[in-house]
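Colleague: The structure under discussion is supplied below as structure tokens; questions concerning it will follow.
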Amino acid sequence: MSGRYYEAEHLDAYRRLRREGLNHWNDLHPGERSVGYGDFQARAFLDRVLPSAGEGRRVLEYGCGTGAAACHLAARGYRVDAVDLVPDAIAMARQFAAGRDLDVRFAVQDICRWPESDDHFDYVVDCFCLQSIVTDEDRSAVLAGVRDRLRIDGRYLIMTAMYDPDRDYGTDEYDPGTGMVWVPAEPSAPDAVERAGGWWTPHRRHLAPDDLRRELERYGFTVLEQAGHLGGELVCELAAQGDR
């Protein structure tokens with residue numbers, strides 16, 4: 001891997017998850033641990049907005065982690081492709097799926113470098129990935145990739161962390177103009193920039209509800225629903241209907 005701001009944190013996290021036999025990213029935080037593999041954060045959201053029976057509809061989940069959402073949807077009859085940056089995450093996801101006799105097509109993929117594809121999906125799903133795609137360039141690549149892969153009548157489902165005025169950023173710096181969260185870094189760190197008298201790397205993007213909606217609209221989506229904690233649950237469709 002080339003060394004981007006989002007790589008080291010995720011590589012280290014899934015290496016630890018695999019070593020300790022944990023289920024999900026949140027299990028790394030004792031106060032947020034799941035009660036099992038099927039207990040993942042976005043489950044209630046997906047159950048609410050998706051048909052209970054998949055009936056062969058196609059789903060692409062990016063940033064799938066250990067594959068809990070992908071397996072949950074496959075068990076309900078969806079045909080699921082799921083990708084993640086981290087090889088350890090995909091290895092765990094494949095093991096979980098095999099242990100449940102589920103057919104999910106897992107692959108290692110950096111979604112900030114989508115390959116060209118003629119594949120189209122009824123649903124593209126993001127379960128807490130988008131907040132870790134921080135820079136404008138990377139978010140543009142991700143959202144354009146989603147747009148290109150979504151069927152004309154498809155839905156883009158997002159559950160993401162949002163700006164919370166009560167969040168304590170500690171030594172990190174939150175830029176209210178962009179929603180970007182910066183962490184102190186060495187000058188040699190991936191994507192490090194000099195600002196405010198020091199060196200920083202991008203870490204998260206925490207947008208207010210209206211800002212996230214406007215961003216999605218700029219990239220060719222219409223937000224049909226925005227609900228959930230701080231407005232972080234979204235159902236979108238393509239704004240322009242055209243031949244694919």
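Letters A, B, ... mark the chains of the structure tokens in the order given; residue numbers begin at 1 per chain; ligand numbers begin at 1, in order shown.
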Would you mind listing what lies within 9 Å of Gly145 in chain A as a tab-separated table (two decimals) with C-alpha atoms, in the first residue's frame, with only C-alpha atoms counted and same-chain residues fewer than 6 positions away left out?

Modeller:
```tsv
chain	number	residue	atom	x	y	z
A	111	ILE	CA	-12.46	2.79	-2.67
A	112	CYS	CA	-10.53	6.02	-3.15
A	113	ARG	CA	-9.06	4.25	-6.19
A	114	TRP	CA	-12.11	2.55	-7.66
A	115	PRO	CA	-11.32	0.58	-10.84
A	116	GLU	CA	-13.58	1.09	-13.83
```

Colleague: Any chance you could list, as a ChimeraX atom specification, the residues in range 77-156 of chain A that come up alpha helix (DSSP H) when DSSP is run on the backbone?

Modeller: /A:87-99,136-149

Colleague: Figure out the distance between CA of Gly198 in chain A and CA of Ala185 in chain A, please, to one decimal in Å.

Modeller: 8.2 Å

Colleague: As a PDB file with N, CA and C atoms, in the first residue's frame, which residues of range 89-134 of chain A does DSSP assign to strand (DSSP E)?

Modeller:
```
ATOM      1  N   VAL A 104     -21.009 -14.601  -0.115  1.00  0.00           N
ATOM      2  CA  VAL A 104     -20.752 -13.171  -0.288  1.00  0.00           C
ATOM      3  C   VAL A 104     -19.444 -13.032  -1.055  1.00  0.00           C
ATOM      4  N   ARG A 105     -19.442 -12.156  -2.047  1.00  0.00           N
ATOM      5  CA  ARG A 105     -18.208 -11.925  -2.805  1.00  0.00           C
ATOM      6  C   ARG A 105     -17.423 -10.803  -2.125  1.00  0.00           C
ATOM      7  N   PHE A 106     -16.429 -11.195  -1.323  1.00  0.00           N
ATOM      8  CA  PHE A 106     -15.583 -10.232  -0.629  1.00  0.00           C
ATOM      9  C   PHE A 106     -14.322  -9.967  -1.445  1.00  0.00           C
ATOM     10  N   ALA A 107     -13.827  -8.717  -1.385  1.00  0.00           N
ATOM     11  CA  ALA A 107     -12.596  -8.373  -2.095  1.00  0.00           C
ATOM     12  C   ALA A 107     -11.898  -7.224  -1.371  1.00  0.00           C
ATOM     13  N   VAL A 108     -10.589  -7.203  -1.487  1.00  0.00           N
ATOM     14  CA  VAL A 108      -9.795  -6.084  -0.980  1.00  0.00           C
ATOM     15  C   VAL A 108      -9.802  -4.990  -2.036  1.00  0.00           C
ATOM     16  N   PHE A 121     -25.689  -1.972  -9.204  1.00  0.00           N
ATOM     17  CA  PHE A 121     -26.290  -2.561  -8.020  1.00  0.00           C
ATOM     18  C   PHE A 121     -27.605  -1.869  -7.670  1.00  0.00           C
ATOM     19  N   ASP A 122     -28.495  -2.650  -7.074  1.00  0.00           N
ATOM     20  CA  ASP A 122     -29.752  -2.089  -6.588  1.00  0.00           C
ATOM     21  C   ASP A 122     -29.526  -1.195  -5.366  1.00  0.00           C
ATOM     22  N   TYR A 123     -28.534  -1.562  -4.570  1.00  0.00           N
ATOM     23  CA  TYR A 123     -28.211  -0.792  -3.364  1.00  0.00           C
ATOM     24  C   TYR A 123     -26.699  -0.704  -3.221  1.00  0.00           C
ATOM     25  N   VAL A 124     -26.221   0.481  -2.873  1.00  0.00           N
ATOM     26  CA  VAL A 124     -24.851   0.647  -2.400  1.00  0.00           C
ATOM     27  C   VAL A 124     -24.955   1.076  -0.938  1.00  0.00           C
ATOM     28  N   VAL A 125     -24.193   0.396  -0.086  1.00  0.00           N
ATOM     29  CA  VAL A 125     -24.338   0.546   1.361  1.00  0.00           C
ATOM     30  C   VAL A 125     -23.023   1.026   1.964  1.00  0.00           C
ATOM     31  N   ASP A 126     -23.132   2.029   2.829  1.00  0.00           N
ATOM     32  CA  ASP A 126     -22.007   2.558   3.605  1.00  0.00           C
ATOM     33  C   ASP A 126     -22.388   2.502   5.077  1.00  0.00           C
ATOM     34  N   CYS A 127     -21.722   1.632   5.829  1.00  0.00           N
ATOM     35  CA  CYS A 127     -21.958   1.528   7.270  1.00  0.00           C
ATOM     36  C   CYS A 127     -20.742   2.093   8.007  1.00  0.00           C
TER      37      CYS A 127
END
```

Colleague: Which residues, written as number ranges by chain, have at least one atom at most 8 Å from range 55-67 of chain A, with only C-alpha atoms counted and residues fewer than 5 positions away on the same chain left out?

Modeller: A: 23-25, 77-86, 89-94, 96-97, 111, 121-129

Colleague: One number please: CA of Ala42 in chain A to CA of Pro165 in chain A, in Å, one decimal.

Modeller: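 Computed distance, CA of Ala42 in chain A to CA of Pro165 in chain A, equals 22.2 Å.
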